[in-house]
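S.K.: Dropping the structure in here first, questions after.
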Amino acid sequence: MQVVEAQQLDIESWAALRNCLWPGEIQMHLDEARQLLSQKDEIAFLLRDKEGALHGFVEGKYYHSGNKPYGHIEGWYVLPGERRKGYGRLLLERLESWFLHHAITHYHSDTLETDYPLSKKAHEANGYKVLYKITVFGKASSPDQ
């Protein structure tokens, strides 16, 4: 397995992997992947086997917030059959290296533990610590909203 930067020719397979992490409309994933490739502050790395099939991805973006820019892991996924083999770590290391190349030394990620129960343990195994948890409240102004 090797970690490679996502290219236009990877769009369809990459979108299918994105759909494993975020089930929805495949067209949305195709559009978002194309958009990501056109941005200088975003990147995606893919886990590719010898035959060219994709088995995982990581997407990241850097943000400029005040005096301290930071990197954010936008998505991170490895197919279930390839987990616990160090491939998730390889993807993160490649993204973190890309952040460092852009003078970004702090990285963030977020997850919903109820939706992604393996995520917290995977992040912690790679040196990430919980910084804070939030609760989001909402209210509709009428019963049908």
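Labeling convention for the structure tokens: chains A, B, ... as they appear, residues from 1 per chain, ligands from 1 in order of appearance.
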Need the shell around range 12-28 of chain A: protein/DNA/RNA residues with any atom at most 7 Å away, counting only C-alpha atoms. Skip same-chain ones fewer than 4 positions apart. Format as a list of chain:residue names?
M.R.: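 So, after excluding close chain neighbours, the residues are A:Glu32, A:Ala33, A:Leu54, A:Gly56, A:Tyr77.
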S.K.: How would you write, as a ChimeraX atom specification, the set of residues in chain A that DSSP gives as strand (DSSP E)?
M.R.: /A:2-5,42-48,54-63,70-78,107-109
S.K.: How would the residues just chosen look if you wrote them out with C-alpha atoms as a PDB file, in the first residue's frame?
M.R.:
ATOM      1  CA  GLN A   2       1.157   3.515  -0.694  1.00  0.00           C
ATOM      2  CA  VAL A   3      -0.162   6.955   0.190  1.00  0.00           C
ATOM      3  CA  VAL A   4      -0.572   9.226  -2.821  1.00  0.00           C
ATOM      4  CA  GLU A   5      -1.972  12.694  -3.372  1.00  0.00           C
ATOM      5  CA  GLU A  42      -6.974  21.815   0.910  1.00  0.00           C
ATOM      6  CA  ILE A  43      -5.509  18.406   0.159  1.00  0.00           C
ATOM      7  CA  ALA A  44      -6.504  14.755   0.036  1.00  0.00           C
ATOM      8  CA  PHE A  45      -4.266  11.733   0.268  1.00  0.00           C
ATOM      9  CA  LEU A  46      -5.370   8.271  -0.796  1.00  0.00           C
ATOM     10  CA  LEU A  47      -4.320   4.793   0.265  1.00  0.00           C
ATOM     11  CA  ARG A  48      -3.677   2.816  -2.940  1.00  0.00           C
ATOM     12  CA  LEU A  54      -8.229   2.699  -3.107  1.00  0.00           C
ATOM     13  CA  HIS A  55      -8.573   1.549   0.495  1.00  0.00           C
ATOM     14  CA  GLY A  56      -8.682   4.811   2.434  1.00  0.00           C
ATOM     15  CA  PHE A  57      -8.287   8.564   2.417  1.00  0.00           C
ATOM     16  CA  VAL A  58      -7.579  11.585   4.538  1.00  0.00           C
ATOM     17  CA  GLU A  59      -8.631  15.122   3.682  1.00  0.00           C
ATOM     18  CA  GLY A  60      -7.251  18.236   5.299  1.00  0.00           C
ATOM     19  CA  LYS A  61      -7.432  21.982   5.114  1.00  0.00           C
ATOM     20  CA  TYR A  62      -5.502  24.770   6.748  1.00  0.00           C
ATOM     21  CA  TYR A  63      -7.159  27.818   8.247  1.00  0.00           C
ATOM     22  CA  TYR A  70      -4.100  25.579  12.138  1.00  0.00           C
ATOM     23  CA  GLY A  71      -4.743  22.458  10.134  1.00  0.00           C
ATOM     24  CA  HIS A  72      -7.989  20.547  10.284  1.00  0.00           C
ATOM     25  CA  ILE A  73      -8.594  16.916   9.415  1.00  0.00           C
ATOM     26  CA  GLU A  74     -11.794  17.169   7.405  1.00  0.00           C
ATOM     27  CA  GLY A  75     -12.218  13.435   6.853  1.00  0.00           C
ATOM     28  CA  TRP A  76     -10.285  10.259   7.589  1.00  0.00           C
ATOM     29  CA  TYR A  77     -11.350   6.775   6.541  1.00  0.00           C
ATOM     30  CA  VAL A  78      -9.860   3.327   5.999  1.00  0.00           C
ATOM     31  CA  TYR A 107      -3.825  20.200  13.879  1.00  0.00           C
ATOM     32  CA  HIS A 108      -7.441  19.709  14.872  1.00  0.00           C
ATOM     33  CA  SER A 109     -10.074  17.130  14.125  1.00  0.00           C
TER      34      SER A 109
END
S.K.: Pick the closest to His102 in chain A from A:Pro80, A:Lys40, A:Gly88, A:Lys129: which is it, counting only C-alpha atoms?
M.R.: A:Lys40
S.K.: Run DSSP on the backbone and grab whatever in chain A lands in helix (DSSP H, G or I); send it over as number ranges by chain.
M.R.: A: 8-21, 26-37, 80-82, 87-101, 119-125
S.K.: As an exercise, work out the distance from CA of Gly52 in chain A to CA of Leu30 in chain A in Å and give it to one decimal place.
M.R.: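 These atoms are spaced 18.9 Å apart.
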